[in-house]
Amino acid sequence: MENQRIFAIAILGIIVIFSSSSFVFAHPHPGQILIDGHTHQPQTEYIPLNGIIALEKTSVMFHVNEENSLPWGFVEGKIANPVEGYPVIIQIVKDDESVHFAQTDVKEDGSYEYKFRVLNVENDKVIKIFDGDYYVTIFKVVYLDQNNLI
């Protein structure tokens, strides 16, 4: 039951919920995420595009429990210093191979969300789209400031 609750939080509540300055969903410690009883630390790096903006690249582990019965997962967050006109790009990787790419717009308040299928049911047969361990990388274009200078 506890694993099912944690998994439901991980799939429906987040793959990741990021702010450009800190990790918003923090359990048990700020900057960390708890998935199936394991703590994972997101990794963020900044790649300068010019002297004013940079590509913020954040990666976190994502685990889909084999008993999963929930059909949807999503990535959501809020960027503290987004550059207008640049979408958020999401890449999901398993065993060093890209398995899913997505692009979603950033709203005026800096928030974004992308929803995707984790499993399907066809002719009463469950088809798992995602199963096991993945890395999710989120790319955002942000203004450089004193906290993310390289």
# chains A, B, ... in the order shown; residues from 1 in each chain; ligands from 1
>>> residues_around(residues="segment 136-140 of chain A", least_positions_apart="2", cutoff="7 Å", atoms="only C-alpha atoms", output="VMD selection string")
chain A and resid 55 to 62 88 to 93 134 142
>>> closest_residue(among="A:Pro71, A:Pro82, A:Pro87, A:Pro42", to="Lys128 of chain A", atoms="only C-alpha atoms")
A:Pro71
>>> closest_residue(among="A:Val118, A:Asp109, A:Pro48, A:Gln43", to="Glu84 of chain A", atoms="only C-alpha atoms")
A:Asp109
